[in-house]
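Student: What follows is the file model.pdb, containing PDB, C-alpha atoms:
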```
ATOM      1  CA  VAL A 218     -40.147  86.082  38.236  1.00  0.00           C
ATOM      2  CA  GLU A 219     -36.782  85.561  36.532  1.00  0.00           C
ATOM      3  CA  LEU A 220     -35.454  82.051  35.862  1.00  0.00           C
ATOM      4  CA  SER A 221     -32.025  80.766  34.843  1.00  0.00           C
ATOM      5  CA  LEU A 222     -30.217  77.436  34.826  1.00  0.00           C
ATOM      6  CA  ALA A 223     -26.615  77.195  36.039  1.00  0.00           C
ATOM      7  CA  ASN A 224     -24.605  74.094  36.897  1.00  0.00           C
ATOM      8  CA  GLY A 225     -27.722  71.944  36.806  1.00  0.00           C
ATOM      9  CA  GLU A 226     -29.594  74.121  39.326  1.00  0.00           C
ATOM     10  CA  THR A 227     -32.543  76.441  38.807  1.00  0.00           C
ATOM     11  CA  ARG A 228     -32.062  79.953  40.124  1.00  0.00           C
ATOM     12  CA  VAL A 229     -35.236  81.908  40.853  1.00  0.00           C
ATOM     13  CA  CYS A 230     -35.423  85.631  41.458  1.00  0.00           C
ATOM     14  CA  ILE A 231     -38.857  86.683  42.763  1.00  0.00           C
ATOM     15  CA  THR A 232     -40.028  90.273  42.824  1.00  0.00           C
ATOM     16  CA  GLY A 233     -43.113  90.720  44.964  1.00  0.00           C
ATOM     17  CA  VAL A 234     -44.624  89.309  48.130  1.00  0.00           C
ATOM     18  CA  GLY A 235     -47.287  86.801  49.006  1.00  0.00           C
ATOM     19  CA  LYS A 236     -47.584  83.017  49.194  1.00  0.00           C
ATOM     20  CA  ASP A 237     -49.475  82.798  45.889  1.00  0.00           C
ATOM     21  CA  ILE A 238     -46.581  84.393  44.024  1.00  0.00           C
ATOM     22  CA  VAL A 239     -44.070  82.069  45.680  1.00  0.00           C
ATOM     23  CA  ASP A 240     -46.122  78.964  44.864  1.00  0.00           C
ATOM     24  CA  GLN A 241     -46.560  80.096  41.283  1.00  0.00           C
ATOM     25  CA  ALA A 242     -42.820  80.735  40.976  1.00  0.00           C
ATOM     26  CA  ARG A 243     -42.055  77.248  42.272  1.00  0.00           C
ATOM     27  CA  ASP A 244     -44.382  75.679  39.716  1.00  0.00           C
ATOM     28  CA  ILE A 245     -42.784  77.688  36.921  1.00  0.00           C
ATOM     29  CA  ALA A 246     -39.309  76.798  38.183  1.00  0.00           C
ATOM     30  CA  ASP A 247     -40.114  73.078  38.255  1.00  0.00           C
ATOM     31  CA  GLU A 248     -41.410  73.187  34.707  1.00  0.00           C
ATOM     32  CA  PHE A 249     -38.433  75.246  33.554  1.00  0.00           C
ATOM     33  CA  MET A 250     -35.976  72.859  35.224  1.00  0.00           C
ATOM     34  CA  GLU A 251     -37.603  69.853  33.576  1.00  0.00           C
ATOM     35  CA  GLN A 252     -37.403  71.486  30.150  1.00  0.00           C
ATOM     36  CA  GLU A 253     -33.754  72.508  30.589  1.00  0.00           C
ATOM     37  CA  MET A 254     -32.763  69.068  31.886  1.00  0.00           C
ATOM     38  CA  ASP A 255     -34.386  67.494  28.833  1.00  0.00           C
ATOM     39  CA  LYS A 256     -32.208  69.723  26.640  1.00  0.00           C
ATOM     40  CA  LEU A 257     -29.024  68.711  28.455  1.00  0.00           C
ATOM     41  CA  LEU A 258     -29.875  65.006  28.186  1.00  0.00           C
ATOM     42  CA  LYS A 259     -30.981  65.234  24.571  1.00  0.00           C
ATOM     43  CA  GLU A 260     -28.939  63.276  22.051  1.00  0.00           C
ATOM     44  CA  PRO A 261     -26.447  65.315  19.947  1.00  0.00           C
ATOM     45  CA  VAL A 262     -27.862  66.953  16.826  1.00  0.00           C
ATOM     46  CA  THR A 263     -25.263  65.117  14.689  1.00  0.00           C
ATOM     47  CA  TRP A 264     -26.823  61.753  15.482  1.00  0.00           C
ATOM     48  CA  LYS A 265     -28.758  60.025  12.734  1.00  0.00           C
ATOM     49  CA  ARG A 266     -31.164  57.137  13.007  1.00  0.00           C
ATOM     50  CA  VAL A 267     -29.774  54.706  10.460  1.00  0.00           C
ATOM     51  CA  GLY A 268     -29.748  51.225  11.975  1.00  0.00           C
ATOM     52  CA  LYS A 269     -32.133  48.680  13.382  1.00  0.00           C
ATOM     53  CA  LYS A 270     -30.079  47.899  16.463  1.00  0.00           C
ATOM     54  CA  ASP A 271     -32.031  50.113  18.818  1.00  0.00           C
ATOM     55  CA  THR A 272     -34.103  47.980  21.121  1.00  0.00           C
ATOM     56  CA  ASP A 273     -37.088  49.007  23.180  1.00  0.00           C
ATOM     57  CA  ASP A 274     -34.977  49.375  26.309  1.00  0.00           C
ATOM     58  CA  GLY A 275     -32.422  51.613  24.552  1.00  0.00           C
ATOM     59  CA  THR A 276     -29.486  49.239  24.920  1.00  0.00           C
ATOM     60  CA  GLY A 277     -28.721  49.096  21.192  1.00  0.00           C
ATOM     61  CA  PHE A 278     -26.274  51.310  19.334  1.00  0.00           C
ATOM     62  CA  ASP A 279     -25.265  52.420  15.853  1.00  0.00           C
ATOM     63  CA  LEU A 280     -21.816  53.019  14.374  1.00  0.00           C
ATOM     64  CA  VAL A 281     -22.152  55.805  11.814  1.00  0.00           C
ATOM     65  CA  PRO A 282     -19.265  56.747   9.476  1.00  0.00           C
ATOM     66  CA  VAL A 283     -18.291  60.417   9.784  1.00  0.00           C
ATOM     67  CA  THR A 284     -18.028  62.234   6.450  1.00  0.00           C
ATOM     68  CA  LEU A 285     -14.432  62.807   5.373  1.00  0.00           C
ATOM     69  CA  GLY A 286     -13.588  66.524   5.307  1.00  0.00           C
ATOM     70  CA  SER A 287     -16.565  67.543   7.431  1.00  0.00           C
ATOM     71  CA  GLU A 288     -16.264  69.775  10.481  1.00  0.00           C
ATOM     72  CA  GLU A 289     -16.978  66.782  12.675  1.00  0.00           C
ATOM     73  CA  TRP A 290     -14.212  64.771  10.980  1.00  0.00           C
ATOM     74  CA  SER A 291     -11.712  67.565  11.575  1.00  0.00           C
ATOM     75  CA  SER A 292     -12.747  67.970  15.213  1.00  0.00           C
ATOM     76  CA  VAL A 293     -11.744  64.347  15.810  1.00  0.00           C
ATOM     77  CA  ALA A 294      -8.924  63.784  13.308  1.00  0.00           C
ATOM     78  CA  ASP A 295      -6.827  66.916  13.846  1.00  0.00           C
ATOM     79  CA  HIS A 296      -5.965  66.312  17.497  1.00  0.00           C
ATOM     80  CA  PHE A 297      -5.749  62.559  16.917  1.00  0.00           C
ATOM     81  CA  ILE A 298      -2.961  63.067  14.368  1.00  0.00           C
ATOM     82  CA  GLU A 299      -1.276  65.996  16.151  1.00  0.00           C
ATOM     83  CA  THR A 300      -0.727  64.005  19.355  1.00  0.00           C
ATOM     84  CA  SER A 301       0.429  60.785  17.665  1.00  0.00           C
ATOM     85  CA  SER A 302       4.091  61.850  17.349  1.00  0.00           C
ATOM     86  CA  GLY A 303       4.112  60.661  13.759  1.00  0.00           C
ATOM     87  CA  LYS A 304       2.826  57.173  14.550  1.00  0.00           C
ATOM     88  CA  VAL A 305      -0.378  57.682  12.537  1.00  0.00           C
ATOM     89  CA  ASP A 306       0.076  57.558   8.768  1.00  0.00           C
ATOM     90  CA  GLU A 307      -3.544  58.065   7.779  1.00  0.00           C
ATOM     91  CA  ILE A 308      -6.996  57.896   9.305  1.00  0.00           C
ATOM     92  CA  GLU A 309      -9.138  55.606   7.185  1.00  0.00           C
ATOM     93  CA  VAL A 310     -12.491  55.626   8.970  1.00  0.00           C
ATOM     94  CA  ILE A 311     -14.042  57.500  11.891  1.00  0.00           C
ATOM     95  CA  GLU A 312     -17.195  55.947  13.289  1.00  0.00           C
ATOM     96  CA  ARG A 313     -19.515  57.932  15.515  1.00  0.00           C
ATOM     97  CA  VAL A 314     -20.923  55.871  18.384  1.00  0.00           C
ATOM     98  CA  GLN A 315     -24.639  56.475  18.813  1.00  0.00           C
ATOM     99  CA  HIS A 316     -25.579  54.691  22.017  1.00  0.00           C
ATOM    100  CA  PRO A 317     -28.691  56.278  23.609  1.00  0.00           C
ATOM    101  CA  LYS A 318     -28.491  54.399  26.911  1.00  0.00           C
ATOM    102  CA  LEU A 319     -24.786  55.068  27.531  1.00  0.00           C
ATOM    103  CA  TRP A 320     -25.231  58.688  26.459  1.00  0.00           C
ATOM    104  CA  LYS A 321     -28.083  59.241  28.934  1.00  0.00           C
ATOM    105  CA  GLU A 322     -26.204  57.567  31.801  1.00  0.00           C
ATOM    106  CA  PHE A 323     -23.078  59.608  31.014  1.00  0.00           C
ATOM    107  CA  ARG A 324     -24.900  62.928  30.858  1.00  0.00           C
ATOM    108  CA  GLU A 325     -26.740  62.232  34.097  1.00  0.00           C
ATOM    109  CA  LYS A 326     -23.397  61.505  35.753  1.00  0.00           C
ATOM    110  CA  CYS A 327     -21.997  64.763  34.328  1.00  0.00           C
ATOM    111  CA  LEU A 328     -24.942  66.765  35.654  1.00  0.00           C
ATOM    112  CA  LYS A 329     -24.534  65.219  39.100  1.00  0.00           C
ATOM    113  CA  ILE A 330     -20.837  66.114  39.247  1.00  0.00           C
ATOM    114  CA  ALA A 331     -21.481  69.572  37.772  1.00  0.00           C
ATOM    115  CA  ARG A 332     -23.971  70.342  40.547  1.00  0.00           C
ATOM    116  CA  GLU A 333     -21.591  69.104  43.230  1.00  0.00           C
ATOM    117  CA  ARG A 334     -18.649  71.114  41.867  1.00  0.00           C
ATOM    118  CA  ARG A 335     -20.740  74.119  40.775  1.00  0.00           C
ATOM    119  CA  GLN A 336     -19.235  74.027  37.316  1.00  0.00           C
ATOM    120  CA  PRO A 337     -20.855  73.959  33.867  1.00  0.00           C
ATOM    121  CA  VAL A 338     -20.832  70.516  32.258  1.00  0.00           C
ATOM    122  CA  GLU A 339     -18.612  71.703  29.395  1.00  0.00           C
ATOM    123  CA  ALA A 340     -15.875  72.701  31.869  1.00  0.00           C
ATOM    124  CA  ILE A 341     -15.560  69.265  33.474  1.00  0.00           C
ATOM    125  CA  VAL A 342     -15.530  67.051  30.354  1.00  0.00           C
ATOM    126  CA  LYS A 343     -12.355  66.247  28.400  1.00  0.00           C
ATOM    127  CA  ARG A 344     -11.868  64.388  25.124  1.00  0.00           C
ATOM    128  CA  LEU A 345      -9.314  61.641  25.693  1.00  0.00           C
ATOM    129  CA  TYR A 346      -8.146  58.308  24.218  1.00  0.00           C
ATOM    130  CA  HIS A 347      -8.351  54.659  25.186  1.00  0.00           C
ATOM    131  CA  GLY A 348      -6.688  51.599  23.672  1.00  0.00           C
ATOM    132  CA  THR A 349      -8.367  48.220  24.160  1.00  0.00           C
ATOM    133  CA  ARG A 350      -5.402  45.994  23.252  1.00  0.00           C
ATOM    134  CA  SER A 351      -6.635  42.593  22.042  1.00  0.00           C
ATOM    135  CA  SER A 352     -10.289  43.293  22.918  1.00  0.00           C
ATOM    136  CA  ASP A 353     -12.494  44.478  20.080  1.00  0.00           C
ATOM    137  CA  PRO A 354     -13.698  47.946  21.202  1.00  0.00           C
ATOM    138  CA  ARG A 355     -17.151  47.153  19.840  1.00  0.00           C
ATOM    139  CA  ILE A 356     -17.538  44.643  22.662  1.00  0.00           C
ATOM    140  CA  LEU A 357     -17.421  47.504  25.165  1.00  0.00           C
ATOM    141  CA  LEU A 358     -20.426  49.047  23.470  1.00  0.00           C
ATOM    142  CA  ASN A 359     -22.518  45.991  24.278  1.00  0.00           C
ATOM    143  CA  GLY A 360     -21.984  46.650  27.976  1.00  0.00           C
ATOM    144  CA  THR A 361     -21.352  49.752  30.053  1.00  0.00           C
ATOM    145  CA  GLY A 362     -18.542  51.265  27.984  1.00  0.00           C
ATOM    146  CA  VAL A 363     -15.046  51.600  29.472  1.00  0.00           C
ATOM    147  CA  ASP A 364     -15.896  50.356  32.956  1.00  0.00           C
ATOM    148  CA  CYS A 365     -13.225  49.867  35.617  1.00  0.00           C
ATOM    149  CA  ARG A 366     -15.431  47.357  37.448  1.00  0.00           C
ATOM    150  CA  TYR A 367     -14.626  44.786  34.780  1.00  0.00           C
ATOM    151  CA  GLY A 368     -10.914  45.555  34.604  1.00  0.00           C
ATOM    152  CA  GLY A 369      -8.275  42.905  35.116  1.00  0.00           C
ATOM    153  CA  GLU A 370      -4.969  43.712  36.741  1.00  0.00           C
ATOM    154  CA  LYS A 371      -4.382  46.823  38.789  1.00  0.00           C
ATOM    155  CA  GLY A 372      -2.632  49.621  36.958  1.00  0.00           C
ATOM    156  CA  TYR A 373      -0.227  52.264  38.205  1.00  0.00           C
ATOM    157  CA  PHE A 374      -3.174  54.038  39.839  1.00  0.00           C
ATOM    158  CA  GLY A 375      -5.225  51.051  40.901  1.00  0.00           C
ATOM    159  CA  ARG A 376      -8.172  49.449  39.149  1.00  0.00           C
ATOM    160  CA  ALA A 377      -9.621  52.287  37.106  1.00  0.00           C
ATOM    161  CA  ALA A 378     -10.627  53.274  33.590  1.00  0.00           C
ATOM    162  CA  TYR A 379      -7.524  54.894  32.066  1.00  0.00           C
ATOM    163  CA  PHE A 380      -7.746  57.599  29.395  1.00  0.00           C
ATOM    164  CA  ALA A 381      -4.648  59.101  27.769  1.00  0.00           C
ATOM    165  CA  GLU A 382      -4.112  62.717  26.804  1.00  0.00           C
ATOM    166  CA  THR A 383      -2.408  61.698  23.544  1.00  0.00           C
ATOM    167  CA  THR A 384      -2.881  59.096  20.840  1.00  0.00           C
ATOM    168  CA  ARG A 385       0.874  58.425  21.040  1.00  0.00           C
ATOM    169  CA  TYR A 386       0.289  56.629  24.308  1.00  0.00           C
ATOM    170  CA  SER A 387      -2.977  54.926  23.341  1.00  0.00           C
ATOM    171  CA  HIS A 388      -1.306  53.724  20.138  1.00  0.00           C
ATOM    172  CA  ILE A 389       0.792  51.397  22.302  1.00  0.00           C
ATOM    173  CA  TYR A 390      -2.454  49.757  23.464  1.00  0.00           C
ATOM    174  CA  ARG A 391      -4.341  49.991  20.158  1.00  0.00           C
ATOM    175  CA  TYR A 392      -6.658  47.247  18.978  1.00  0.00           C
ATOM    176  CA  PRO A 393      -4.835  45.580  16.027  1.00  0.00           C
ATOM    177  CA  GLU A 394      -7.145  45.205  13.046  1.00  0.00           C
ATOM    178  CA  ASP A 395      -4.762  44.251  10.254  1.00  0.00           C
ATOM    179  CA  ASN A 396      -1.143  44.595   9.174  1.00  0.00           C
ATOM    180  CA  ASN A 397      -0.109  48.119  10.261  1.00  0.00           C
ATOM    181  CA  LYS A 398      -3.712  49.044  11.013  1.00  0.00           C
ATOM    182  CA  GLY A 399      -5.292  49.745  14.357  1.00  0.00           C
ATOM    183  CA  CYS A 400      -8.274  51.212  16.190  1.00  0.00           C
ATOM    184  CA  ILE A 401      -8.404  53.602  19.154  1.00  0.00           C
ATOM    185  CA  LEU A 402     -11.465  54.692  21.070  1.00  0.00           C
ATOM    186  CA  VAL A 403     -12.029  58.455  21.422  1.00  0.00           C
ATOM    187  CA  ALA A 404     -13.939  59.160  24.626  1.00  0.00           C
ATOM    188  CA  ASP A 405     -15.559  62.077  26.372  1.00  0.00           C
ATOM    189  CA  VAL A 406     -14.624  61.808  30.039  1.00  0.00           C
ATOM    190  CA  CYS A 407     -16.212  63.648  32.941  1.00  0.00           C
ATOM    191  CA  VAL A 408     -13.070  64.410  34.930  1.00  0.00           C
ATOM    192  CA  GLY A 409     -14.745  66.858  37.310  1.00  0.00           C
ATOM    193  CA  ASN A 410     -12.385  68.065  40.011  1.00  0.00           C
ATOM    194  CA  VAL A 411      -9.016  66.493  39.157  1.00  0.00           C
ATOM    195  CA  GLU A 412      -6.539  65.240  41.737  1.00  0.00           C
ATOM    196  CA  GLU A 413      -2.851  65.094  40.765  1.00  0.00           C
ATOM    197  CA  ARG A 414      -1.303  61.965  42.259  1.00  0.00           C
ATOM    198  CA  GLU A 415       1.855  59.876  42.223  1.00  0.00           C
ATOM    199  CA  ARG A 416       1.621  56.205  41.348  1.00  0.00           C
ATOM    200  CA  ASP A 417      -0.070  53.940  43.862  1.00  0.00           C
ATOM    201  CA  GLU A 418      -1.647  50.689  42.698  1.00  0.00           C
ATOM    202  CA  ASN A 419      -3.709  50.533  45.889  1.00  0.00           C
ATOM    203  CA  ILE A 420      -5.818  53.567  44.977  1.00  0.00           C
ATOM    204  CA  VAL A 421      -9.504  52.642  44.907  1.00  0.00           C
ATOM    205  CA  HIS A 422     -11.020  56.115  44.524  1.00  0.00           C
ATOM    206  CA  PRO A 423      -9.917  59.769  44.333  1.00  0.00           C
ATOM    207  CA  SER A 424      -9.602  61.646  47.613  1.00  0.00           C
ATOM    208  CA  GLU A 425     -12.685  63.328  49.039  1.00  0.00           C
ATOM    209  CA  GLY A 426     -13.702  66.315  46.941  1.00  0.00           C
ATOM    210  CA  TYR A 427     -12.217  64.923  43.718  1.00  0.00           C
ATOM    211  CA  ASP A 428     -13.779  63.017  40.808  1.00  0.00           C
ATOM    212  CA  SER A 429     -10.747  61.743  38.890  1.00  0.00           C
ATOM    213  CA  ILE A 430      -6.982  61.356  39.129  1.00  0.00           C
ATOM    214  CA  ARG A 431      -4.300  62.552  36.708  1.00  0.00           C
ATOM    215  CA  GLY A 432      -0.817  61.077  36.728  1.00  0.00           C
ATOM    216  CA  ASP A 433       2.196  59.858  34.759  1.00  0.00           C
ATOM    217  CA  VAL A 434       1.612  56.386  33.293  1.00  0.00           C
ATOM    218  CA  LYS A 435       4.921  55.901  31.500  1.00  0.00           C
ATOM    219  CA  LYS A 436       6.943  52.771  32.103  1.00  0.00           C
ATOM    220  CA  ASP A 437      10.205  53.270  33.987  1.00  0.00           C
ATOM    221  CA  SER A 438      12.269  52.383  30.916  1.00  0.00           C
ATOM    222  CA  TRP A 439      10.610  55.007  28.702  1.00  0.00           C
ATOM    223  CA  PRO A 440      12.458  58.297  28.111  1.00  0.00           C
ATOM    224  CA  MET A 441       9.339  60.459  28.074  1.00  0.00           C
ATOM    225  CA  SER A 442       6.303  60.951  30.298  1.00  0.00           C
ATOM    226  CA  PHE A 443       2.723  60.211  29.343  1.00  0.00           C
ATOM    227  CA  PHE A 444      -0.163  61.549  31.382  1.00  0.00           C
ATOM    228  CA  ALA A 445      -3.587  59.998  31.729  1.00  0.00           C
ATOM    229  CA  TYR A 446      -6.813  60.550  33.624  1.00  0.00           C
ATOM    230  CA  MET A 447      -8.256  57.771  35.739  1.00  0.00           C
ATOM    231  CA  VAL A 448     -11.933  57.483  36.707  1.00  0.00           C
ATOM    232  CA  TYR A 449     -13.296  54.967  39.180  1.00  0.00           C
ATOM    233  CA  GLU A 450     -17.045  54.960  38.647  1.00  0.00           C
ATOM    234  CA  ALA A 451     -19.320  53.604  35.934  1.00  0.00           C
ATOM    235  CA  TYR A 452     -20.742  55.928  33.273  1.00  0.00           C
ATOM    236  CA  GLN A 453     -18.127  58.613  33.889  1.00  0.00           C
ATOM    237  CA  SER A 454     -17.053  58.337  30.253  1.00  0.00           C
ATOM    238  CA  TYR A 455     -18.770  58.048  26.897  1.00  0.00           C
ATOM    239  CA  PRO A 456     -17.195  56.209  23.917  1.00  0.00           C
ATOM    240  CA  ALA A 457     -17.796  58.902  21.315  1.00  0.00           C
ATOM    241  CA  TYR A 458     -15.833  57.608  18.288  1.00  0.00           C
ATOM    242  CA  LEU A 459     -13.888  54.644  16.967  1.00  0.00           C
ATOM    243  CA  VAL A 460     -10.939  55.753  14.834  1.00  0.00           C
ATOM    244  CA  HIS A 461      -9.493  53.219  12.380  1.00  0.00           C
ATOM    245  CA  TYR A 462      -6.063  54.177  11.048  1.00  0.00           C
ATOM    246  CA  ARG A 463      -2.885  53.062   9.332  1.00  0.00           C
ATOM    247  CA  HIS A 464       0.329  53.416  11.303  1.00  0.00           C
ATOM    248  CA  GLN A 465       4.077  53.062  11.059  1.00  0.00           C
ATOM    249  CA  PRO A 466       5.408  49.481  11.230  1.00  0.00           C
ATOM    250  CA  SER A 467       6.170  48.449  14.779  1.00  0.00           C
ATOM    251  CA  GLN A 468       9.832  48.401  15.668  1.00  0.00           C
ATOM    252  CA  LYS A 469      11.084  45.023  16.792  1.00  0.00           C
ATOM    253  CA  LYS A 470      13.014  45.108  20.052  1.00  0.00           C
TER     254      LYS A 470
END
```
Would it be possible to restate this file's structure as structure tokens?

Tutor:
Amino acid sequence: VELSLANGETRVCITGVGKDIVDQARDIADEFMEQEMDKLLKEPVTWKRVGKKDTDDGTGFDLVPVTLGSEEWSSVADHFIETSSGKVDEIEVIERVQHPKLWKEFREKCLKIARERRQPVEAIVKRLYHGTRSSDPRILLNGTGVDCRYGGEKGYFGRAAYFAETTRYSHIYRYPEDNNKGCILVADVCVGNVEERERDENIVHPSEGYDSIRGDVKKDSWPMSFFAYMVYEAYQSYPAYLVHYRHQPSQKK
């Protein structure tokens, strides 16, 4: 009996005949699947238990400072600065979000989409950015993360959770923390099968066979385009980091 896990499914290759062998293979496959699923849902190895906010039901979370100059710092900071178009002067603090409940819900959603699309989880998840405007991003962590169900006005692509490809765009919607300081949320988003669409504020869900929408979210008066991904279901994103930074003074219009 040979076992392998691909796209959230157990593949069994049986050599031999007889009901006993088949039953034994099924038992082994079930055990193997359970073990592999546990690995995929396991919290990242970088997580550290440092706070007392974790409650018995797993709804608590910790914000853990990432060490300056570490590999993890660079993995977040490099792209953050590169895509800011010079708007970011300096990153002051990167906080890792350790939220067991949101992480588990997000990974389960990823596995579901991965099975449906027959893709590995890593191939359908993108790291994107989200600005919370006047809302403290920490408030999102007390709920279900960036959840379109609690959104206000419809956007260019309907009521959805919007995630930008660049920090230059999210900087416009940053959470202001102090004079020339702001905070942007760095999220892992399960985009799955992506549908390219034109603006339509009446969109309520991607077309059949798709899991997210990608489109241009720039205002008509802006000279350049900005693309974002929109997701329409809960737990399709995970708020991985909060990045606190200093930026160029805003230009008065």

Student: Convert the output of the PyMOL selection byres ((chain A and resi 452-467) around 6) on the shown file into explicit residues, formatted as a ChimeraX atom specification.

Tutor: /A:304-314,322-323,397-407,451,468

Student: If we count only C-alpha atoms and set the cut-off at 9 Å, which residues sit around Ala340 (chain A), ignoring sequence neighbours fewer than 3 positions away in its own chain? Please answer as a ChimeraX atom specification.

Tutor: /A:331,336-337,343,409

Student: Of the candidates A:Ile341, A:Leu328, A:Thr383, A:Arg350, which one gets nearest to Asp295 (chain A) if we count all atoms listed in the file?

Tutor: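 Closest candidate: A:Thr383.
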
Student: A:Leu319, A:Met441, A:Met447, A:Leu357: which is nearest Arg414 (chain A), counting only C-alpha atoms?

Tutor: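 Answer, going by the shortest atom-to-atom distance: A:Met447.
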
Student: Could you name the residues that touch Cys365 (chain A) at 8 Å or less, counting all atoms listed in the file, but leaving out those on the same chain fewer than 2 positions away, as a ChimeraX atom specification?

Tutor: /A:363,367-368,376-378,448-451

Student: Please save C-alpha atoms of the selected residues as a PDB file, in the frame of the given file.

Tutor:
```pdb
ATOM      1  CA  VAL A 363     -15.046  51.600  29.472  1.00  0.00           C
ATOM      2  CA  TYR A 367     -14.626  44.786  34.780  1.00  0.00           C
ATOM      3  CA  GLY A 368     -10.914  45.555  34.604  1.00  0.00           C
ATOM      4  CA  ARG A 376      -8.172  49.449  39.149  1.00  0.00           C
ATOM      5  CA  ALA A 377      -9.621  52.287  37.106  1.00  0.00           C
ATOM      6  CA  ALA A 378     -10.627  53.274  33.590  1.00  0.00           C
ATOM      7  CA  VAL A 448     -11.933  57.483  36.707  1.00  0.00           C
ATOM      8  CA  TYR A 449     -13.296  54.967  39.180  1.00  0.00           C
ATOM      9  CA  GLU A 450     -17.045  54.960  38.647  1.00  0.00           C
ATOM     10  CA  ALA A 451     -19.320  53.604  35.934  1.00  0.00           C
TER      11      ALA A 451
END
```

Student: Could you check the closest approach to Ser424 (chain A) for each of A:Glu299, A:Asp364, A:Asp437, A:Glu412 and tell me which residue wins, using only C-alpha atoms?

Tutor: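 Closest residue, counting only C-alpha atoms: A:Glu412.
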
Student: Would you work out the distance separating CA of Ala445 (chain A) from CA of Tyr392 (chain A), expressed in Å to one decimal?

Tutor: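 Taking CA of Ala445 (chain A) as the start and CA of Tyr392 (chain A) as the end point, the length is 18.3 Å.
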
Student: Report the distance between CA of Lys435 (chain A) and CA of Ser302 (chain A) in Å, rounded to one decimal place.

Tutor: 15.4 Å

Student: Interatomic distance between CA of Asp428 (chain A) and CA of Tyr379 (chain A)?

Tutor: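 For CA of Asp428 (chain A) relative to CA of Tyr379 (chain A), the distance reads 13.5 Å.
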
Student: List, as a ChimeraX atom specification, every residue that the PyMOL selection byres ((chain A and resi 279) around 6) selects in the file provided.

Tutor: /A:278,280,315

Student: Compare A:Phe374, A:Ile389, A:Ser351, A:Val338 by their minimum atom-to-atom distance to Lys326 (chain A), counting only C-alpha atoms, and give me the closest one.

Tutor: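 Smallest distance to Lys326 (chain A) is found for A:Val338.
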